[in-house]
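Here the structure comes first, spelled out in structure tokens, and everything after it is commentary.
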Amino acid sequence: MGNSYRDLLVWQNARDYAIKVYRATERFPKAEQFGLTNQIRRAAVSVASNIAEGQGRLTPGEFIQFLGIARGSLLELWTQFEIAYGLGYLSRVDFEELDYEANGLLGLLNRLINSLRKRTSRPESS
């Protein structure tokens, strides 16, 4: 599974995405600091964190489970961006950029999950 979660392209992208999310939410109204801003930031951090935690687990099955949690956090984040955009907290350009990058990250997560599932479903060779 590799030496470290830091070696995983999906984790690197998720980390970079979380940083972009933090920067995008800096412009949200102060009244949202403990509301939508906090929710969005927590979900963004959760994506990268669950990838790292899953890679550190002992079995591919556990890793898949944590990647699924990361995927769920990413979909939660997508919903929150839709709400933030609807409220006018995100510009169209920022929304489209975050949406595009989330889609790429989702693709990486899905491919890694599918790869691990295929690997774990193969019979062990003696």
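By order in the structure tokens, chains are A, B, ...; within a chain, residues start at 1; ligands start at 1, following the order shown.
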Neighbour list for Leu105 of chain A as a PyMOL selection string, cut-off 10 Å, only C-alpha atoms, skip fewer than 4 positions in-chain: chain A and resi 9-11+13-14+17+47+71+74+99-101+109-111
Please return as a PyMOL selection string: the residues of chain A that backbone DSSP assigns to alpha helix (DSSP H). chain A and resi 9-25+36-55+60-86+92-121
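Restricting the calculation to only C-alpha atoms, the smallest distance between Lys30 of chain A and any of A:Tyr89, A:Ile69, A:Tyr5, A:Ile113 is found for A:Tyr89.
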Extract, using only C-alpha atoms, all DNA, RNA and protein residues at most 9 Å from segment 59-65 of chain A, discarding same-chain residues fewer than 6 positions from it, and format them as a list of chain:residue names. A:Met1, A:Asn50, A:Ile51, A:Glu53, A:Leu112, A:Ile113, A:Asn114, A:Leu116, A:Arg117, A:Arg119, A:Thr120
Pairwise distance, atom CA of Leu106 of chain A with atom CA of Arg27 of chain A, equals 25.1 Å
